[in-house]
>>> print(open('coords30.cif').read())   # mmCIF, C-alpha atoms
data_start
#
loop_
_atom_site.label_atom_id
_atom_site.label_comp_id
_atom_site.auth_asym_id
_atom_site.auth_seq_id
_atom_site.Cartn_x
_atom_site.Cartn_y
_atom_site.Cartn_z
CA MET T 1 0.00 0.00 0.00
CA THR T 2 1.37 3.35 -0.99
CA THR T 3 0.69 6.45 1.03
CA PRO T 4 -1.42 8.86 -1.01
CA ALA T 5 0.11 12.20 -1.86
CA VAL T 6 0.80 13.96 1.40
CA PRO T 7 -0.54 17.52 1.49
CA ASP T 8 1.83 20.32 2.36
CA LEU T 9 2.07 20.95 6.06
CA ASN T 10 1.54 24.66 6.52
CA ILE T 11 1.91 24.92 10.28
CA PRO T 12 4.16 27.55 11.88
CA GLY T 13 7.07 26.40 14.01
CA VAL T 14 7.50 22.99 12.42
CA TYR T 15 11.06 22.17 11.37
CA ARG T 16 11.19 19.69 8.51
CA ILE T 17 13.82 18.94 5.92
CA GLU T 18 11.57 20.60 3.33
CA ASN T 19 11.72 23.99 5.03
CA ILE T 20 15.11 23.83 6.77
CA SER T 21 18.02 21.90 5.24
CA VAL T 22 20.43 19.84 7.31
CA LYS T 23 23.04 22.54 6.73
CA GLU T 24 20.67 25.28 7.87
CA GLY T 25 19.32 23.30 10.82
CA MET T 26 22.60 22.06 12.21
CA PRO T 27 23.60 25.32 13.96
CA MET T 28 20.28 25.29 15.81
CA ILE T 29 20.72 21.65 16.86
CA LEU T 30 24.32 22.26 17.91
CA ASP T 31 23.23 25.29 19.92
CA MET T 32 20.58 23.22 21.72
CA THR T 33 23.29 20.66 22.55
CA ARG T 34 25.26 21.89 25.54
CA ALA T 35 28.28 20.70 27.48
CA VAL T 36 26.22 21.02 30.66
CA TYR T 37 22.55 21.63 31.46
CA PRO T 38 21.19 23.43 34.55
CA HIS T 39 19.31 21.27 37.05
CA ASP T 40 16.05 23.09 36.51
CA ASP T 41 16.20 22.74 32.72
CA VAL T 42 16.50 18.97 32.99
CA TYR T 43 14.53 18.15 36.13
CA GLY T 44 12.39 21.21 36.86
CA GLN T 45 9.19 20.38 35.00
CA TYR T 46 9.60 16.62 34.49
CA CYS T 47 11.81 14.37 36.56
CA THR T 48 12.83 11.24 34.67
CA VAL T 49 15.33 8.64 35.84
CA GLN T 50 16.10 5.33 34.21
CA ASP T 51 18.42 2.40 34.76
CA PHE T 52 19.28 -1.09 33.60
CA ILE T 53 18.35 -4.02 35.87
CA ASP T 54 19.84 -7.44 35.30
CA ALA T 55 16.60 -9.36 35.89
CA PRO T 56 13.78 -10.49 33.56
CA PRO T 57 11.33 -7.72 32.61
CA ASP T 58 8.18 -9.75 33.29
CA GLU T 59 9.35 -10.50 36.83
CA VAL T 60 10.39 -6.91 37.51
CA PHE T 61 7.01 -5.77 36.20
CA GLU T 62 5.14 -8.27 38.36
CA TYR T 63 7.04 -7.06 41.43
CA LEU T 64 6.46 -3.36 40.71
CA SER T 65 2.79 -3.86 39.98
CA ASP T 66 2.22 -4.92 43.59
CA PRO T 67 2.17 -1.69 45.64
CA ARG T 68 3.69 -3.55 48.59
CA SER T 69 6.98 -3.62 46.66
CA LEU T 70 7.19 0.07 47.62
CA GLU T 71 7.64 -1.17 51.19
CA GLU T 72 10.99 -2.59 50.08
CA TRP T 73 12.51 -0.35 47.45
CA THR T 74 11.35 3.11 48.50
CA TYR T 75 13.25 5.03 51.12
CA SER T 76 10.35 5.78 53.44
CA MET T 77 6.99 4.17 52.54
CA ARG T 78 6.19 1.56 55.15
CA GLY T 79 3.38 -0.42 56.77
CA PHE T 80 1.05 -0.96 53.81
CA GLU T 81 -2.54 -1.88 54.54
CA GLU T 82 -5.30 -2.19 51.99
CA THR T 83 -8.22 0.11 52.79
CA GLU T 84 -11.88 -0.83 52.56
CA GLU T 85 -11.75 0.43 48.97
CA ALA T 86 -10.30 -2.39 46.87
CA GLY T 87 -6.90 -1.54 45.42
CA LEU T 88 -6.44 1.56 47.56
CA TRP T 89 -3.61 1.19 50.07
CA ILE T 90 -2.59 3.31 53.02
CA SER T 91 0.90 3.44 54.46
CA ASP T 92 3.25 5.69 56.37
CA ASP T 93 5.58 8.03 54.52
CA ARG T 94 8.21 8.32 57.20
CA ILE T 95 9.99 11.18 55.44
CA GLY T 96 6.94 13.26 56.38
CA ASP T 97 7.01 12.63 60.13
CA ASN T 98 3.61 11.07 60.94
CA THR T 99 2.28 11.34 57.39
CA LYS T 100 -0.15 8.85 55.88
CA ILE T 101 0.12 8.24 52.14
CA TYR T 102 -2.52 6.66 49.91
CA THR T 103 -1.60 4.61 46.83
CA ARG T 104 -3.57 3.12 43.97
CA THR T 105 -1.61 1.18 41.37
CA VAL T 106 -2.69 1.18 37.74
CA SER T 107 -0.67 -1.23 35.66
CA SER T 108 -0.82 -2.49 32.11
CA PRO T 109 0.89 -5.84 31.48
CA ASP T 110 0.68 -5.23 27.75
CA ALA T 111 3.05 -2.25 27.81
CA ARG T 112 4.51 -3.13 31.24
CA THR T 113 3.56 0.26 32.64
CA VAL T 114 3.05 0.72 36.37
CA ASP T 115 1.59 4.00 37.57
CA TYR T 116 1.35 4.73 41.26
CA HIS T 117 -1.39 7.26 41.94
CA CYS T 118 -0.62 8.64 45.40
CA ALA T 119 -1.32 11.48 47.77
CA TRP T 120 -0.30 12.51 51.23
CA ASP T 121 -3.05 12.85 53.87
CA GLN T 122 -6.19 12.21 51.82
CA ASP T 123 -7.48 9.69 49.29
CA LYS T 124 -10.06 11.77 47.42
CA HIS T 125 -7.59 13.23 44.93
CA LEU T 126 -4.56 11.10 44.13
CA TRP T 127 -2.42 13.66 42.32
CA MET T 128 1.17 12.46 42.91
CA ILE T 129 1.63 10.19 39.92
CA TYR T 130 4.70 7.99 39.59
CA LEU T 131 4.85 6.82 35.97
CA MET T 132 7.00 3.74 35.49
CA ARG T 133 7.63 1.35 32.65
CA VAL T 134 9.66 -1.82 32.37
CA ILE T 135 11.25 -2.43 28.97
CA ASP T 136 12.84 -5.62 27.68
CA ALA T 137 16.55 -4.77 27.51
CA GLN T 138 17.06 -7.40 24.81
CA VAL T 139 15.12 -5.20 22.45
CA VAL T 140 16.60 -1.82 23.37
CA LEU T 141 20.12 -2.71 24.56
CA ASN T 142 20.73 -6.10 22.92
CA LYS T 143 21.22 -7.90 26.22
CA PRO T 144 18.98 -9.78 28.66
CA GLY T 145 17.41 -7.82 31.47
CA SER T 146 15.20 -4.81 32.02
CA VAL T 147 15.32 -1.08 31.54
CA VAL T 148 13.12 0.80 33.98
CA LEU T 149 11.87 4.28 33.07
CA TRP T 150 10.42 6.48 35.78
CA THR T 151 8.89 9.95 35.30
CA ASN T 152 7.18 12.37 37.65
CA CYS T 153 5.56 15.54 36.36
CA HIS T 154 5.65 18.79 38.33
CA HIS T 155 2.01 18.90 39.39
CA PRO T 156 1.11 22.35 40.77
CA PHE T 157 0.11 20.83 44.12
CA TYR T 158 3.78 20.15 44.80
CA ASP T 159 4.14 23.92 45.11
CA GLU T 160 1.18 24.34 47.42
CA ASN T 161 -0.79 21.82 49.44
CA PRO T 162 -4.39 22.16 48.24
CA TYR T 163 -5.78 20.20 51.19
CA PRO T 164 -3.96 21.61 54.23
CA GLU T 165 -6.92 20.76 56.46
CA THR T 166 -6.18 17.04 55.96
CA ALA T 167 -2.56 17.31 57.18
CA PRO T 168 -1.54 16.43 60.73
CA SER T 169 -1.55 19.74 62.60
CA ASP T 170 2.02 19.31 63.85
CA ARG T 171 3.63 18.27 60.57
CA GLU T 172 6.37 20.51 59.25
CA PRO T 173 7.37 19.34 55.74
CA TRP T 174 5.23 19.24 52.60
CA VAL T 175 6.00 16.64 49.94
CA GLY T 176 6.64 19.37 47.39
CA ASP T 177 9.45 20.76 49.54
CA PHE T 178 11.43 17.81 48.19
CA TRP T 179 10.71 18.39 44.49
CA GLU T 180 14.22 19.76 43.87
CA LEU T 181 15.60 16.55 45.39
CA PHE T 182 13.38 14.17 43.41
CA TYR T 183 16.05 13.50 40.80
CA ALA T 184 18.58 12.37 43.39
CA GLY T 185 16.03 10.72 45.65
CA HIS T 186 14.36 8.80 42.85
CA LEU T 187 17.69 7.74 41.41
CA MET T 188 18.63 6.39 44.85
CA GLU T 189 15.34 4.51 45.03
CA LEU T 190 15.70 3.20 41.48
CA ARG T 191 19.11 1.87 42.50
CA ASN T 192 17.42 0.23 45.49
CA LEU T 193 15.04 -1.45 43.08
CA LYS T 194 17.97 -2.52 40.91
CA ALA T 195 19.90 -3.93 43.88
CA ILE T 196 16.90 -5.88 45.17
CA CYS T 197 15.93 -7.35 41.79
CA GLU T 198 19.50 -8.22 40.81
CA HIS T 199 20.28 -9.77 44.20
CA ARG T 200 17.24 -12.02 44.10
CA TYR T 201 17.63 -12.96 40.45
CA ALA T 202 21.33 -13.74 40.89
CA HIS T 203 20.51 -15.95 43.88
CA GLY T 204 17.77 -17.86 42.08
CA GLN T 205 15.05 -16.32 44.25
CA PRO T 206 11.75 -14.99 42.91
CA ILE T 207 11.83 -11.20 42.52
CA THR T 208 8.46 -10.95 44.27
CA PRO T 209 9.12 -12.29 47.77
CA GLU T 210 7.08 -14.89 49.59
CA TRP T 211 5.53 -12.42 52.06
CA MET T 212 3.85 -10.52 49.22
CA ARG T 213 2.14 -13.64 47.82
CA MET J 1 -6.13 -6.28 54.85
CA THR J 2 -2.93 -5.76 56.79
CA THR J 3 0.44 -6.57 55.29
CA PRO J 4 2.02 -9.44 57.21
CA ALA J 5 5.22 -8.75 59.07
CA VAL J 6 7.79 -7.71 56.49
CA PRO J 7 11.07 -9.62 56.83
CA ASP J 8 14.27 -7.64 57.15
CA LEU J 9 15.77 -6.76 53.81
CA ASN J 10 19.38 -7.82 53.98
CA ILE J 11 20.57 -6.73 50.57
CA PRO J 12 23.75 -4.69 50.13
CA GLY J 13 23.50 -1.26 48.55
CA VAL J 14 19.90 -0.59 49.48
CA TYR J 15 19.29 2.78 51.15
CA ARG J 16 16.23 2.75 53.40
CA ILE J 17 15.20 4.89 56.35
CA GLU J 18 15.92 1.91 58.59
CA ASN J 19 19.62 1.82 57.71
CA ILE J 20 20.29 5.46 56.83
CA SER J 21 18.43 8.29 58.56
CA VAL J 22 17.23 11.40 56.75
CA LYS J 23 20.01 13.32 58.48
CA GLU J 24 22.63 10.79 57.36
CA GLY J 25 21.25 10.44 53.84
CA MET J 26 20.77 14.11 53.05
CA PRO J 27 24.45 14.88 52.29
CA MET J 28 24.46 12.04 49.73
CA ILE J 29 21.26 13.31 48.12
CA LEU J 30 22.54 16.88 48.09
CA ASP J 31 25.80 15.72 46.55
CA MET J 32 23.91 13.89 43.80
CA THR J 33 21.96 17.12 43.13
CA ARG J 34 24.11 19.41 41.01
CA ALA J 35 23.79 22.93 39.65
CA VAL J 36 24.61 21.53 36.20
CA TYR J 37 24.94 18.04 34.70
CA PRO J 38 27.24 17.06 31.81
CA HIS J 39 25.52 16.13 28.55
CA ASP J 40 26.76 12.56 28.65
CA ASP J 41 25.53 11.99 32.22
CA VAL J 42 22.01 13.00 31.26
CA TYR J 43 21.71 11.88 27.63
CA GLY J 44 24.58 9.44 27.07
CA GLN J 45 22.94 6.10 27.88
CA TYR J 46 19.26 7.04 27.70
CA CYS J 47 17.85 9.98 25.80
CA THR J 48 14.51 11.13 27.20
CA VAL J 49 12.58 14.21 26.16
CA GLN J 50 9.10 15.19 27.21
CA ASP J 51 6.70 18.05 26.64
CA PHE J 52 3.16 19.24 27.23
CA ILE J 53 0.77 19.32 24.28
CA ASP J 54 -2.50 21.23 24.47
CA ALA J 55 -4.59 18.56 22.74
CA PRO J 56 -6.57 15.56 24.05
CA PRO J 57 -4.43 12.52 24.94
CA ASP J 58 -6.60 9.98 23.13
CA GLU J 59 -6.36 11.95 19.90
CA VAL J 60 -2.61 12.48 20.24
CA PHE J 61 -2.24 8.76 20.91
CA GLU J 62 -4.36 7.83 17.90
CA TYR J 63 -2.23 10.08 15.68
CA LEU J 64 1.09 8.74 16.98
CA SER J 65 -0.01 5.13 16.70
CA ASP J 66 -0.25 5.49 12.93
CA PRO J 67 3.35 5.32 11.62
CA ARG J 68 2.44 7.72 8.81
CA SER J 69 2.32 10.49 11.41
CA LEU J 70 6.13 10.27 11.29
CA GLU J 71 5.84 11.63 7.77
CA GLU J 72 4.62 14.88 9.31
CA TRP J 73 6.34 15.43 12.64
CA THR J 74 9.78 13.93 12.07
CA TYR J 75 12.48 15.96 10.43
CA SER J 76 13.39 13.51 7.70
CA MET J 77 11.23 10.36 7.42
CA ARG J 78 9.23 10.59 4.21
CA GLY J 79 7.37 8.56 1.60
CA PHE J 80 5.85 5.81 3.76
CA GLU J 81 4.70 2.63 2.03
CA GLU J 82 3.46 -0.50 3.72
CA THR J 83 5.52 -3.54 2.72
CA GLU J 84 4.12 -6.95 1.89
CA GLU J 85 4.48 -7.77 5.57
CA ALA J 86 1.45 -6.32 7.35
CA GLY J 87 2.33 -3.48 9.71
CA LEU J 88 5.88 -3.14 8.42
CA TRP J 89 6.47 0.16 6.64
CA ILE J 90 9.34 1.38 4.50
CA SER J 91 10.22 5.02 4.01
CA ASP J 92 13.15 7.28 3.21
CA ASP J 93 15.24 8.75 6.00
CA ARG J 94 16.47 11.77 4.15
CA ILE J 95 19.03 12.63 6.81
CA GLY J 96 20.89 9.51 5.62
CA ASP J 97 21.20 10.45 1.96
CA ASN J 98 19.46 7.64 0.05
CA THR J 99 18.71 5.57 3.16
CA LYS J 100 15.65 3.36 3.50
CA ILE J 101 14.21 2.96 7.01
CA TYR J 102 11.81 0.24 8.16
CA THR J 103 9.24 0.85 10.89
CA ARG J 104 6.88 -1.38 12.81
CA THR J 105 4.63 0.31 15.36
CA VAL J 106 3.65 -1.47 18.56
CA SER J 107 1.08 0.46 20.50
CA SER J 108 -1.00 -0.18 23.58
CA PRO J 109 -4.17 1.91 23.91
CA ASP J 110 -4.49 0.83 27.52
CA ALA J 111 -1.31 2.63 28.64
CA ARG J 112 -1.18 4.89 25.56
CA THR J 113 2.31 3.67 24.68
CA VAL J 114 3.57 3.86 21.11
CA ASP J 115 6.84 2.12 20.30
CA TYR J 116 8.40 2.54 16.89
CA HIS J 117 10.67 -0.41 16.11
CA CYS J 118 12.90 0.80 13.31
CA ALA J 119 16.12 0.12 11.45
CA TRP J 120 18.05 1.63 8.63
CA ASP J 121 18.67 -0.52 5.55
CA GLN J 122 17.17 -3.87 6.62
CA ASP J 123 13.99 -5.20 8.19
CA LYS J 124 15.26 -8.41 9.78
CA HIS J 125 16.37 -6.80 13.03
CA LEU J 126 14.49 -3.67 14.08
CA TRP J 127 16.79 -2.43 16.82
CA MET J 128 16.22 1.37 16.86
CA ILE J 129 13.36 1.58 19.35
CA TYR J 130 11.55 4.85 19.94
CA LEU J 131 9.57 4.47 23.17
CA MET J 132 6.75 6.97 23.50
CA ARG J 133 3.86 7.40 25.86
CA VAL J 134 0.98 9.86 25.97
CA ILE J 135 -0.21 10.81 29.45
CA ASP J 136 -3.41 12.62 30.39
CA ALA J 137 -2.17 16.02 31.61
CA GLN J 138 -5.28 16.42 33.76
CA VAL J 139 -3.96 13.67 36.00
CA VAL J 140 -0.30 14.70 36.17
CA LEU J 141 -0.44 18.49 35.69
CA ASN J 142 -4.03 19.34 36.69
CA LYS J 143 -4.90 20.80 33.31
CA PRO J 144 -6.41 19.46 30.08
CA GLY J 145 -4.05 18.18 27.44
CA SER J 146 -1.29 15.63 27.00
CA VAL J 147 2.19 15.01 28.26
CA VAL J 148 4.32 13.06 25.80
CA LEU J 149 7.30 11.06 27.08
CA TRP J 150 9.91 9.83 24.60
CA THR J 151 12.92 7.69 25.41
CA ASN J 152 15.61 6.09 23.27
CA CYS J 153 18.17 3.72 24.76
CA HIS J 154 21.77 3.67 23.56
CA HIS J 155 21.69 0.35 21.72
CA PRO J 156 25.24 -0.84 20.89
CA PHE J 157 24.44 -0.85 17.17
CA TYR J 158 24.39 2.95 17.26
CA ASP J 159 28.14 2.70 17.82
CA GLU J 160 28.75 0.25 15.00
CA ASN J 161 26.54 -0.80 12.12
CA PRO J 162 26.15 -4.58 12.46
CA TYR J 163 24.78 -4.98 8.94
CA PRO J 164 27.09 -2.84 6.78
CA GLU J 165 26.44 -5.09 3.77
CA THR J 166 22.84 -3.84 3.67
CA ALA J 167 23.83 -0.16 3.42
CA PRO J 168 23.94 1.73 0.13
CA SER J 169 27.58 1.54 -0.96
CA ASP J 170 27.91 5.28 -1.38
CA ARG J 171 26.30 6.32 1.88
CA GLU J 172 28.50 8.32 4.24
CA PRO J 173 26.66 8.77 7.57
CA TRP J 174 25.56 6.09 10.03
CA VAL J 175 22.51 6.74 12.19
CA GLY J 176 24.61 6.36 15.33
CA ASP J 177 26.80 9.26 14.24
CA PHE J 178 23.88 11.42 15.38
CA TRP J 179 23.46 9.86 18.85
CA GLU J 180 25.05 12.88 20.53
CA LEU J 181 22.50 15.08 18.79
CA PHE J 182 19.47 12.94 19.64
CA TYR J 183 18.54 15.10 22.62
CA ALA J 184 18.36 18.26 20.53
CA GLY J 185 17.00 16.54 17.44
CA HIS J 186 14.29 14.69 19.30
CA LEU J 187 13.33 17.80 21.25
CA MET J 188 12.95 19.63 17.94
CA GLU J 189 10.79 16.81 16.59
CA LEU J 190 8.72 16.67 19.78
CA ARG J 191 8.11 20.39 19.36
CA ASN J 192 7.03 19.66 15.78
CA LEU J 193 4.54 17.15 17.16
CA LYS J 194 3.36 19.73 19.70
CA ALA J 195 2.95 22.43 17.06
CA ILE J 196 1.00 20.14 14.71
CA CYS J 197 -1.34 18.77 17.39
CA GLU J 198 -1.97 22.15 18.98
CA HIS J 199 -2.55 23.86 15.64
CA ARG J 200 -5.11 21.30 14.56
CA TYR J 201 -6.84 21.10 17.92
CA ALA J 202 -7.05 24.89 18.24
CA HIS J 203 -8.57 25.09 14.75
CA GLY J 204 -11.17 22.41 15.41
CA GLN J 205 -9.49 19.98 13.01
CA PRO J 206 -8.94 16.30 13.77
CA ILE J 207 -5.36 15.62 14.93
CA THR J 208 -5.12 12.70 12.53
CA PRO J 209 -5.51 14.27 9.08
CA GLU J 210 -7.83 13.09 6.35
CA TRP J 211 -5.04 11.69 4.15
CA MET J 212 -4.10 9.17 6.86
CA ARG J 213 -7.63 7.78 7.15
#
>>> encode(input="coords30.cif", output="structure tokens")
Amino acid sequence: MTTPAVPDLNIPGVYRIENISVKEGMPMILDMTRAVYPHDDVYGQYCTVQDFIDAPPDEVFEYLSDPRSLEEWTYSMRGFEETEEAGLWISDDRIGDNTKIYTRTVSSPDARTVDYHCAWDQDKHLWMIYLMRVIDAQVVLNKPGSVVLWTNCHHPFYDENPYPETAPSDREPWVGDFWELFYAGHLMELRNLKAICEHRYAHGQPITPEWMR
Amino acid sequence: MTTPAVPDLNIPGVYRIENISVKEGMPMILDMTRAVYPHDDVYGQYCTVQDFIDAPPDEVFEYLSDPRSLEEWTYSMRGFEETEEAGLWISDDRIGDNTKIYTRTVSSPDARTVDYHCAWDQDKHLWMIYLMRVIDAQVVLNKPGSVVLWTNCHHPFYDENPYPETAPSDREPWVGDFWELFYAGHLMELRNLKAICEHRYAHGQPITPEWMR
């Protein structure tokens, strides 16, 4: 099947080889490519970290898709209990003193995406969204294992708590106070995930531990 | 349902609040957080770009999941024709002189992922994988629209063409020669996608144009 004649694309701000040659476009591309990039340019609006994990993607996905895995690989989410609402979990986020955090996991085995929909203090609006995806490293890196992608978007509620009345009265920090540290913090946690998965896989253990089954 | 007692996690290299306090961990996190990051640290192994698009996520997804959309929003992929193998398309990649590029699109409406499995010159091993995902901006940014995530992984074939016998004999560049420019090039193309989708949506036109239907 041949594509029919493609109409001209008369849309401002679109750079295509028809309207800007490689020779003309290269200075722009080279100017966009820098030796270094400021923190806020890279991690200010979207915070993405990614890493290779030497363990099978289906097993890493299965582990991540159970919210109780957060009990192991996150720095501070502990004591998960399922609420009366199926699939909605409550736990402590110990980085926030006596903070409760709610989590609902939405996963898609087809694309191996795992999204954690979370919020501190209240479960009516889960606005802290942790977007994760497990990729088969054989396909993208030509070796067995997994690549895990993890993105958070800078939701405006990070800048101001919209539900202050639901917070413990004596709590000092707000989750958004840590936004600037999300890159480092999430990279540390992703390395936790890597260490846990690789340790278990290397020792012939299931990635998802017995206590979660 | 209460989580049963969680066994101790005795795995080296895992940083958790139980083995490193906030006070102890903060210097490490602050040290990982830099004013600037070198290009290769951010974009050397994985190249991720992302942007907001003021157009509905289901329509952006539908557009992206048709490989002929690449004809419009990429800089140099043109003249798409479906091969005899269903779902496998051939086109020109004009940035590579007289290069043919093969594309198979694997998309998942459930997670709104669109993966382009591509290769220059040959269709037996599609190793250039463009991993994209369309997110509902209402959920992650509290406003209508889409967030598009796009990641490429540094497959070893970018460094050396494993099938040189399939290349046109007179072709100079190799696709991997551009790896260092992928961040800027993909950001430019993502902005093309943004401009096209926003233009059409703002003008009440369908994102997927008539000629693709």
>>> interface_residues(input="coords30.cif", of="chain J", to="chain T", cutoff="7 Å", atoms="only C-alpha atoms", output="PDB file with C-alpha atoms, in the coordinates of the input")
ATOM      1  CA  MET J   1      -6.130  -6.280  54.850  1.00  0.00           C
ATOM      2  CA  THR J   2      -2.930  -5.760  56.790  1.00  0.00           C
ATOM      3  CA  THR J   3       0.440  -6.570  55.290  1.00  0.00           C
ATOM      4  CA  PRO J   4       2.020  -9.440  57.210  1.00  0.00           C
ATOM      5  CA  VAL J   6       7.790  -7.710  56.490  1.00  0.00           C
ATOM      6  CA  ILE J  11      20.570  -6.730  50.570  1.00  0.00           C
ATOM      7  CA  GLY J  13      23.500  -1.260  48.550  1.00  0.00           C
ATOM      8  CA  VAL J  14      19.900  -0.590  49.480  1.00  0.00           C
ATOM      9  CA  TYR J  15      19.290   2.780  51.150  1.00  0.00           C
ATOM     10  CA  ARG J  16      16.230   2.750  53.400  1.00  0.00           C
ATOM     11  CA  ILE J  17      15.200   4.890  56.350  1.00  0.00           C
ATOM     12  CA  ILE J  29      21.260  13.310  48.120  1.00  0.00           C
ATOM     13  CA  MET J  32      23.910  13.890  43.800  1.00  0.00           C
ATOM     14  CA  THR J  33      21.960  17.120  43.130  1.00  0.00           C
ATOM     15  CA  ARG J  34      24.110  19.410  41.010  1.00  0.00           C
ATOM     16  CA  ALA J  35      23.790  22.930  39.650  1.00  0.00           C
ATOM     17  CA  VAL J  36      24.610  21.530  36.200  1.00  0.00           C
ATOM     18  CA  TYR J  37      24.940  18.040  34.700  1.00  0.00           C
ATOM     19  CA  PRO J  38      27.240  17.060  31.810  1.00  0.00           C
ATOM     20  CA  HIS J  39      25.520  16.130  28.550  1.00  0.00           C
ATOM     21  CA  THR J  74       9.780  13.930  12.070  1.00  0.00           C
ATOM     22  CA  TYR J  75      12.480  15.960  10.430  1.00  0.00           C
ATOM     23  CA  SER J  76      13.390  13.510   7.700  1.00  0.00           C
ATOM     24  CA  PHE J  80       5.850   5.810   3.760  1.00  0.00           C
ATOM     25  CA  GLU J  81       4.700   2.630   2.030  1.00  0.00           C
ATOM     26  CA  GLU J  82       3.460  -0.500   3.720  1.00  0.00           C
ATOM     27  CA  SER J 108      -1.000  -0.180  23.580  1.00  0.00           C
ATOM     28  CA  ASP J 110      -4.490   0.830  27.520  1.00  0.00           C
ATOM     29  CA  ALA J 111      -1.310   2.630  28.640  1.00  0.00           C
ATOM     30  CA  THR J 113       2.310   3.670  24.680  1.00  0.00           C
ATOM     31  CA  TRP J 127      16.790  -2.430  16.820  1.00  0.00           C
ATOM     32  CA  ILE J 129      13.360   1.580  19.350  1.00  0.00           C
ATOM     33  CA  VAL J 139      -3.960  13.670  36.000  1.00  0.00           C
ATOM     34  CA  VAL J 140      -0.300  14.700  36.170  1.00  0.00           C
ATOM     35  CA  LEU J 141      -0.440  18.490  35.690  1.00  0.00           C
ATOM     36  CA  ASN J 142      -4.030  19.340  36.690  1.00  0.00           C
ATOM     37  CA  CYS J 153      18.170   3.720  24.760  1.00  0.00           C
ATOM     38  CA  HIS J 154      21.770   3.670  23.560  1.00  0.00           C
ATOM     39  CA  HIS J 155      21.690   0.350  21.720  1.00  0.00           C
ATOM     40  CA  PRO J 156      25.240  -0.840  20.890  1.00  0.00           C
ATOM     41  CA  LEU J 181      22.500  15.080  18.790  1.00  0.00           C
ATOM     42  CA  ALA J 184      18.360  18.260  20.530  1.00  0.00           C
ATOM     43  CA  GLY J 185      17.000  16.540  17.440  1.00  0.00           C
ATOM     44  CA  ASN J 192       7.030  19.660  15.780  1.00  0.00           C
ATOM     45  CA  ALA J 195       2.950  22.430  17.060  1.00  0.00           C
ATOM     46  CA  ILE J 196       1.000  20.140  14.710  1.00  0.00           C
ATOM     47  CA  TRP J 211      -5.040  11.690   4.150  1.00  0.00           C
TER      48      TRP J 211
END
>>> atom_distance(input="coords30.cif", atom1="CA of Tyr63 in chain T", atom2="CA of Gly145 in chain T")
14.4 Å
>>> resolve_selection(input="coords30.cif", expression="the PyMOL selection byres ((chain T and resi 97) around 10)", output="PyMOL selection string")
chain T and resi 92-96+98-100+168+170-173
>>> atom_distance(input="coords30.cif", atom1="CA of Asn161 in chain J", atom2="CA of Val148 in chain J")
29.5 Å
>>> atom_distance(input="coords30.cif", atom1="CA of Thr105 in chain T", atom2="CA of Pro67 in chain T")
6.4 Å
